[in-house]
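These notes concern the structure reproduced below.
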Amino acid sequence: MDLKEKLVDSFMVFENKGNLDLDSKIHGLRSAAIEQFEKTGFPGRKDEEWKYTSLNSLLKNDYTLFPKGDNAVELKDVKKYFLHEIESYKIVFIDGVYSSFLSDTTHEVADICILSSALKRPKYKMVIDHYFGKVASVSDSLTSLNTAFSGEGAFINIPKNTVLSKPIQILYFSTGNESEIMLQPRNLIVVGENSHVQIYERHQNLGDNKVLTNAVSEIFAHKRAIADIYKIQNDSLNSSLIDNTYVQQKDSSIVSVNTFTFGGNITRNNLEFHQEGEHITSNLNGITLIGNKQHVDNHTLVHHKKENCESHELYKGIYDDGSTGVFNGKVIVDKLAQKTNAYQQNDNILIGDKASINSKPQLEIFADDVKCSHGCTIGQLDDKALFYMQSRGIPKKEAKALMLFAFCNDVVEKIKISGLKSRINKILASKLDVELGMDM
């Protein structure tokens, strides 16, 4: 039995475990989603959107789909993965199961809890029915697969006129107690009018087992809301991640998604912004620094639907050894979206002889009063600049690191969470093999 058949056959088992009302909207969404997945299956290279990324090596494994969830993890074993330098709310999952011991949630200033609870409690029925599955793609097979098996993840509902004083950390750990495990977390984040939230998300394998994570996040930003999202991807080489993030914005909202990819075997980031109002700002920023035979694929979409909106997209990539990268960024400007200002840039440096990158920035413009630009650069370090730095007494390794730090700096400077900027710099230093202290 292949993985697709195993998943389809396991759907009824999952539904029975969930104890959901068969007449509920969620049950209907799940049933439609598993039918969509059964029809389309896993994407392959014949699909234009997956032309340069193959999942074949991941689909051969016999994954555990429903981990037991009785795997205890102590704080000392995972503390270094938290932003422990600052106070924060925490939502932690171990092998896909919520860990109350490691978490710090609240219902006082906002609803910061778990999705499984929200799905079952009448208190949240109106919110779930209104938002769940409303912006996530119904045609993407992997998003459909997650929708079918969605049962656990973070549920964050920020009421209007609320500015959270502390960031929210969402952390997913796998213990390695299962030889091969597939996880499908689902996050639902609603930010009310005039509210502000900062969120830090990370997936981490604590063992040597093979992990495949198929994650989906839906983010809704209402009028004048501000949401800063930070995704740290620095997992082991036995771990692969498919991260699907869908954002819907209303008038005058500002949403920033910052993705930092350093680890993992195969990483695929699908990021979509849908602007449903005027005077909206969407920010998409990313840094990729990989080596070995790692593969990172960043697919982005910004859909401008109304006038007087902006989008700013900046992705930087550094590829060493035999690593490969993909960047496919699309900006769509509808006929009604006059006065749009859309900027997209993808810059890449190849420092390995066998490294490669496929980059495809795209603009589809149907309005005539817009300012839109896109660009892509692919190159190597400047030998003349490197020689100049060495002639001033800087060793070659440190000179290369300084140049690469400078290359990434305009993305790093956009980080707003205290302590995270220094954490990212130290991860960069570790990957570039220069001393700044602290691993991670």
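By order of appearance in the structure tokens: chains A, B, ..., then residues from 1 within every chain, and ligands from 1 in the order shown.
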**OP:** Considering only C-alpha atoms, return as a list in words whatever protein or nucleic-acid residues lie within 6 Å of segment 103-113 of chain A, sequence-local ones (same chain, fewer than 4 positions apart) excluded.
**Re:** Tyr89, Lys90, Ile91, Val92, Phe155, Ile156, Asn157 and Ile158 of chain A
Original post:
Contacts of Ala148 of chain A at 12 Å or less, counting only C-alpha atoms, minus same-chain residues fewer than 5 places along, as an NGL selection string?
Top reply: :A and (7-8 or 10-15 or 18 or 26-38 or 133 or 138 or 141-143 or 184-186 or 214 or 216)
Could the residues in this selection be written to a file with N, CA and C atoms, as a short mmCIF file (atom, residue, chain, number, x, y, z; two decimals), in the first residue's frame?
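Saved to selection-v9.cif:
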```cif
data_model
loop_
_atom_site.label_atom_id
_atom_site.label_comp_id
_atom_site.auth_asym_id
_atom_site.auth_seq_id
_atom_site.Cartn_x
_atom_site.Cartn_y
_atom_site.Cartn_z
N LEU A 7 -3.31 6.94 3.47
CA LEU A 7 -3.97 8.13 3.99
C LEU A 7 -5.47 8.10 3.73
N VAL A 8 -5.86 7.74 2.53
CA VAL A 8 -7.28 7.69 2.20
C VAL A 8 -7.99 6.65 3.06
N SER A 10 -7.15 5.68 5.95
CA SER A 10 -7.10 6.05 7.37
C SER A 10 -8.05 7.19 7.71
N PHE A 11 -8.68 7.78 6.72
CA PHE A 11 -9.51 8.96 6.96
C PHE A 11 -10.67 8.66 7.90
N MET A 12 -11.37 7.57 7.69
CA MET A 12 -12.52 7.25 8.53
C MET A 12 -12.10 7.00 9.97
N VAL A 13 -10.93 6.38 10.14
CA VAL A 13 -10.41 6.16 11.49
C VAL A 13 -10.18 7.49 12.19
N PHE A 14 -9.61 8.43 11.46
CA PHE A 14 -9.36 9.76 12.01
C PHE A 14 -10.66 10.46 12.36
N GLU A 15 -11.64 10.41 11.48
CA GLU A 15 -12.92 11.05 11.72
C GLU A 15 -13.60 10.49 12.96
N GLY A 18 -12.14 11.83 16.13
CA GLY A 18 -12.35 13.24 16.39
C GLY A 18 -13.64 13.55 17.12
N ILE A 26 -17.33 21.47 9.60
CA ILE A 26 -15.97 20.93 9.56
C ILE A 26 -15.96 19.52 8.97
N HIS A 27 -16.94 18.72 9.36
CA HIS A 27 -17.02 17.37 8.78
C HIS A 27 -17.21 17.45 7.27
N GLY A 28 -18.06 18.36 6.81
CA GLY A 28 -18.26 18.52 5.37
C GLY A 28 -17.00 18.96 4.66
N LEU A 29 -16.25 19.90 5.27
CA LEU A 29 -14.99 20.35 4.68
C LEU A 29 -13.99 19.21 4.60
N ARG A 30 -13.90 18.43 5.66
CA ARG A 30 -12.95 17.32 5.67
C ARG A 30 -13.30 16.29 4.60
N SER A 31 -14.55 15.96 4.49
CA SER A 31 -14.98 14.95 3.52
C SER A 31 -14.69 15.42 2.09
N ALA A 32 -14.98 16.69 1.81
CA ALA A 32 -14.68 17.23 0.48
C ALA A 32 -13.18 17.26 0.23
N ALA A 33 -12.42 17.55 1.28
CA ALA A 33 -10.97 17.65 1.13
C ALA A 33 -10.34 16.29 0.84
N ILE A 34 -10.79 15.24 1.53
CA ILE A 34 -10.19 13.93 1.27
C ILE A 34 -10.58 13.42 -0.13
N GLU A 35 -11.76 13.81 -0.60
CA GLU A 35 -12.14 13.47 -1.98
C GLU A 35 -11.25 14.19 -2.98
N GLN A 36 -10.93 15.45 -2.69
CA GLN A 36 -10.04 16.21 -3.57
C GLN A 36 -8.65 15.58 -3.59
N PHE A 37 -8.15 15.20 -2.41
CA PHE A 37 -6.82 14.58 -2.36
C PHE A 37 -6.82 13.23 -3.07
N GLU A 38 -7.87 12.44 -2.86
CA GLU A 38 -7.94 11.13 -3.53
C GLU A 38 -7.95 11.31 -5.04
N GLY A 133 -10.98 27.19 6.85
CA GLY A 133 -11.04 26.74 5.47
C GLY A 133 -11.49 27.80 4.48
N VAL A 138 -8.61 25.24 -1.97
CA VAL A 138 -9.39 24.00 -2.03
C VAL A 138 -8.91 23.11 -3.17
N SER A 141 -3.57 19.97 -3.50
CA SER A 141 -3.79 18.63 -2.94
C SER A 141 -3.22 18.49 -1.53
N LEU A 142 -2.07 19.10 -1.26
CA LEU A 142 -1.47 18.97 0.08
C LEU A 142 -2.23 19.79 1.11
N THR A 143 -2.76 20.94 0.71
CA THR A 143 -3.63 21.69 1.62
C THR A 143 -4.90 20.91 1.88
N GLN A 184 0.54 16.71 10.62
CA GLN A 184 -0.25 17.64 9.82
C GLN A 184 -0.89 18.71 10.71
N PRO A 185 -0.08 19.60 11.25
CA PRO A 185 -0.62 20.66 12.11
C PRO A 185 -1.41 21.69 11.33
N ARG A 186 -2.39 22.29 12.00
CA ARG A 186 -3.24 23.31 11.38
C ARG A 186 -3.36 24.50 12.34
N ASN A 214 3.33 18.33 7.06
CA ASN A 214 2.50 19.02 6.08
C ASN A 214 1.61 20.00 6.84
N VAL A 216 -0.49 23.70 7.60
CA VAL A 216 -1.31 24.75 7.00
C VAL A 216 -1.63 25.80 8.06
#
```
Original post:
Skipping near chain neighbours, those fewer than 6 positions away, what residues fall within 9 Å of Ile128 of chain A using only C-alpha atoms, listed as a list in words?
Top reply: Ile26, Ala118, Leu119 and Leu188 of chain A
**OP:** Tell me which protein, DNA and RNA residues are within 8 Å of Leu381 of chain A, counting only C-alpha atoms, leaving out same-chain ones fewer than 6 positions away, and put them as a list in words.
**Re:** Ile349, Leu350, Ile351, Lys400 and Met403 of chain A
Expected file contents, prior selection, all heavy atoms, as a tab-separated table (two decimals), in the first residue's frame:
```
chain	number	residue	atom	x	y	z
A	349	ILE	N	23.13	33.85	-4.14
A	349	ILE	CA	24.57	33.65	-4.26
A	349	ILE	C	24.85	32.16	-4.23
A	349	ILE	O	24.40	31.45	-3.31
A	349	ILE	CB	25.34	34.36	-3.13
A	349	ILE	CG1	25.22	35.88	-3.26
A	349	ILE	CG2	26.81	33.96	-3.15
A	349	ILE	CD1	25.93	36.65	-2.17
A	350	LEU	N	25.59	31.69	-5.21
A	350	LEU	CA	26.01	30.28	-5.27
A	350	LEU	C	27.46	30.20	-4.82
A	350	LEU	O	28.34	30.76	-5.47
A	350	LEU	CB	25.87	29.74	-6.70
A	350	LEU	CG	24.49	29.87	-7.34
A	350	LEU	CD1	24.51	29.29	-8.76
A	350	LEU	CD2	23.42	29.18	-6.51
A	351	ILE	N	27.71	29.55	-3.69
A	351	ILE	CA	29.07	29.42	-3.19
A	351	ILE	C	29.58	27.98	-3.29
A	351	ILE	O	30.68	27.68	-2.85
A	351	ILE	CB	29.20	29.95	-1.74
A	351	ILE	CG1	28.22	29.24	-0.80
A	351	ILE	CG2	28.98	31.45	-1.69
A	351	ILE	CD1	28.36	29.66	0.65
A	400	LYS	N	34.61	36.11	3.68
A	400	LYS	CA	33.43	35.57	3.00
A	400	LYS	C	32.20	35.70	3.89
A	400	LYS	O	31.12	36.10	3.42
A	400	LYS	CB	33.66	34.09	2.65
A	400	LYS	CG	34.64	33.86	1.52
A	400	LYS	CD	34.88	32.38	1.29
A	400	LYS	CE	33.63	31.65	0.86
A	400	LYS	NZ	33.91	30.22	0.54
A	403	MET	N	30.88	39.27	3.99
A	403	MET	CA	30.17	39.62	2.75
A	403	MET	C	28.78	38.98	2.72
A	403	MET	O	27.81	39.61	2.28
A	403	MET	CB	31.00	39.18	1.54
A	403	MET	CG	32.30	39.96	1.37
A	403	MET	SD	33.32	39.35	0.00
A	403	MET	CE	32.29	39.78	-1.41
```
**OP:** Within 12 Å of Thr324 of chain A, counting only C-alpha atoms, which residues show up once you throw out same-chain ones fewer than 5 positions away? Write them as a VMD selection string, please.
**Re:** chain A and resid 52 to 54 265 to 268 288 to 298 317 to 319 348 to 359
Prev. selection, C-alpha atoms, output as an mmCIF file, in the first residue's frame:
```cif
data_model
loop_
_atom_site.group_PDB
_atom_site.id
_atom_site.type_symbol
_atom_site.label_atom_id
_atom_site.label_comp_id
_atom_site.auth_asym_id
_atom_site.auth_seq_id
_atom_site.Cartn_x
_atom_site.Cartn_y
_atom_site.Cartn_z
ATOM 1 C CA TYR A 52 11.685 21.646 -9.833
ATOM 2 C CA THR A 53 10.688 19.861 -6.608
ATOM 3 C CA SER A 54 10.165 16.122 -6.309
ATOM 4 C CA ASN A 265 16.036 17.879 3.873
ATOM 5 C CA ILE A 266 13.293 19.175 1.561
ATOM 6 C CA THR A 267 11.468 22.384 2.442
ATOM 7 C CA ARG A 268 8.574 23.759 0.434
ATOM 8 C CA THR A 288 17.674 30.708 2.718
ATOM 9 C CA LEU A 289 21.136 29.406 3.642
ATOM 10 C CA ILE A 290 21.669 25.715 2.917
ATOM 11 C CA GLY A 291 24.335 23.213 1.883
ATOM 12 C CA ASN A 292 24.859 19.466 1.465
ATOM 13 C CA LYS A 293 22.049 18.240 -0.825
ATOM 14 C CA GLN A 294 19.308 20.263 0.851
ATOM 15 C CA HIS A 295 16.466 21.605 -1.246
ATOM 16 C CA VAL A 296 14.337 24.693 -0.533
ATOM 17 C CA ASP A 297 11.408 25.807 -2.690
ATOM 18 C CA ASN A 298 9.733 29.165 -2.009
ATOM 19 C CA GLY A 317 19.340 32.811 -0.985
ATOM 20 C CA ILE A 318 22.813 31.386 -0.282
ATOM 21 C CA TYR A 319 23.485 27.918 -1.685
ATOM 22 C CA ASN A 348 20.928 34.553 -4.812
ATOM 23 C CA ILE A 349 24.568 33.652 -4.258
ATOM 24 C CA LEU A 350 26.010 30.282 -5.274
ATOM 25 C CA ILE A 351 29.073 29.420 -3.191
ATOM 26 C CA GLY A 352 29.160 25.750 -4.107
ATOM 27 C CA ASP A 353 30.287 24.474 -7.521
ATOM 28 C CA LYS A 354 27.327 22.101 -7.734
ATOM 29 C CA ALA A 355 24.720 24.409 -6.173
ATOM 30 C CA SER A 356 21.855 25.696 -8.315
ATOM 31 C CA ILE A 357 18.785 27.918 -8.141
ATOM 32 C CA ASN A 358 15.724 28.181 -10.382
ATOM 33 C CA SER A 359 14.128 31.607 -10.036
#
```
**OP:** Select from segment 197-386 of chain A everything DSSP, run on the backbone, classes as helix (DSSP H, G or I), then give the selection as a ChimeraX atom specification.
**Re:** /A:383-386
Pull all heavy atoms from the residues just selected and write them as a PDB file, in the first residue's frame.
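To be explicit, this is the file written out as part_7.pdb:
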```pdb
ATOM      1  N   ASP A 383      35.137  38.381  -6.270  1.00  0.00           N
ATOM      2  CA  ASP A 383      36.535  38.030  -5.977  1.00  0.00           C
ATOM      3  C   ASP A 383      37.377  39.262  -5.662  1.00  0.00           C
ATOM      4  O   ASP A 383      38.270  39.213  -4.808  1.00  0.00           O
ATOM      5  CB  ASP A 383      37.142  37.271  -7.160  1.00  0.00           C
ATOM      6  CG  ASP A 383      36.589  35.857  -7.289  1.00  0.00           C
ATOM      7  OD1 ASP A 383      36.121  35.316  -6.257  1.00  0.00           O
ATOM      8  OD2 ASP A 383      36.621  35.306  -8.399  1.00  0.00           O
ATOM      9  N   LYS A 384      37.104  40.387  -6.338  1.00  0.00           N
ATOM     10  CA  LYS A 384      37.873  41.598  -6.087  1.00  0.00           C
ATOM     11  C   LYS A 384      37.623  42.131  -4.681  1.00  0.00           C
ATOM     12  O   LYS A 384      38.553  42.538  -3.977  1.00  0.00           O
ATOM     13  CB  LYS A 384      37.529  42.664  -7.125  1.00  0.00           C
ATOM     14  CG  LYS A 384      38.007  42.336  -8.535  1.00  0.00           C
ATOM     15  CD  LYS A 384      37.671  43.468  -9.497  1.00  0.00           C
ATOM     16  CE  LYS A 384      38.185  43.139 -10.909  1.00  0.00           C
ATOM     17  NZ  LYS A 384      37.841  44.232 -11.867  1.00  0.00           N
ATOM     18  N   ALA A 385      36.362  42.113  -4.259  1.00  0.00           N
ATOM     19  CA  ALA A 385      36.035  42.567  -2.903  1.00  0.00           C
ATOM     20  C   ALA A 385      36.644  41.626  -1.868  1.00  0.00           C
ATOM     21  O   ALA A 385      37.143  42.063  -0.819  1.00  0.00           O
ATOM     22  CB  ALA A 385      34.528  42.650  -2.731  1.00  0.00           C
ATOM     23  N   LEU A 386      36.627  40.332  -2.175  1.00  0.00           N
ATOM     24  CA  LEU A 386      37.198  39.346  -1.258  1.00  0.00           C
ATOM     25  C   LEU A 386      38.709  39.553  -1.135  1.00  0.00           C
ATOM     26  O   LEU A 386      39.277  39.513  -0.030  1.00  0.00           O
ATOM     27  CB  LEU A 386      36.884  37.938  -1.779  1.00  0.00           C
ATOM     28  CG  LEU A 386      37.103  36.762  -0.818  1.00  0.00           C
ATOM     29  CD1 LEU A 386      36.259  36.911   0.430  1.00  0.00           C
ATOM     30  CD2 LEU A 386      36.762  35.456  -1.519  1.00  0.00           C
TER      31      LEU A 386
END
```
Subject >> Selected residue of minimal separation from Thr300 of chain A among A:Asp321, A:Asp208, A:Asp243, A:Glu218, counting only C-alpha atoms >> reply: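 Under the stated criterion, the closest residue is A:Asp243.
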**OP:** State, in Å with one decimal place, the distance from atom CA of His222 of chain A to atom CA of Leu115 of chain A.
**Re:** 20.3 Å
**OP:** With a distance cut-off of 12 Å and only C-alpha atoms, select the neighbouring residues of Asp368 of chain A, excluding the residue or stretch itself and same-chain residues fewer than 4 positions from it, and output the selection as a PyMOL selection string.
**Re:** chain A and resi 307+333-341+364+372
Selected residues written out, C-alpha atoms, as a JSON list (two decimals), in the first residue's frame:
```json
[["chain", "number", "residue", "atom", "x", "y", "z"],
["A", 307, "GLU", "CA", -6.81, 50.02, -5.12],
["A", 333, "VAL", "CA", -2.93, 43.04, -9.96],
["A", 334, "ASP", "CA", -6.64, 43.02, -10.79],
["A", 335, "LYS", "CA", -8.30, 45.57, -13.06],
["A", 336, "LEU", "CA", -9.84, 47.34, -10.05],
["A", 337, "ALA", "CA", -6.52, 47.51, -8.17],
["A", 338, "GLN", "CA", -5.41, 50.94, -9.40],
["A", 339, "LYS", "CA", -2.65, 52.83, -7.54],
["A", 340, "THR", "CA", -0.99, 49.53, -6.61],
["A", 341, "ASN", "CA", 2.66, 49.58, -5.57],
["A", 364, "GLU", "CA", 0.30, 39.70, -14.01],
["A", 372, "CYS", "CA", 5.22, 47.31, -10.16]]
```
Original post:
Nearest to Asn409 of chain A: which of A:Tyr315, A:Tyr172, A:Phe327, A:Tyr343 is it, counting only C-alpha atoms?
Top reply: A:Tyr315
Subject >> DSSP strand (DSSP E) residues within segment 23-146 of chain A, as number ranges by chain >> reply: A: 89-94, 97-98, 111-114
**OP:** Using only C-alpha atoms, pick whichever of A:Lys210, A:Asn71, A:Lys223, A:Trp50 has the shortest atom-to-atom distance to Gln275 of chain A.
**Re:** A:Lys223
**OP:** Tell me which of A:Phe262, A:Phe93, A:Tyr388, A:Phe273 sits closest to Ala429 of chain A, counting only C-alpha atoms.
**Re:**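 The answer is A:Phe262, which sits nearest to Ala429 of chain A.
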Original post:
Pick the closest to Pro159 of chain A from A:Leu402, A:Ala136, A:Val197, A:Val191: which is it, counting only C-alpha atoms?
Top reply: A:Val191
**OP:** Quick one: everything within 10 Å of Val257 of chain A, counting only C-alpha atoms, minus sequence neighbours fewer than 2 positions away in the same chain. Send it as a PyMOL selection string.
**Re:** chain A and resi 199+227-231+245+247+255+259+271+273+282-286+313
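With only C-alpha atoms as the atoms that count, the residue of A:Glu272, A:Glu85, A:Asp140, A:Glu278 with the shortest distance to Arg423 of chain A is A:Glu85.
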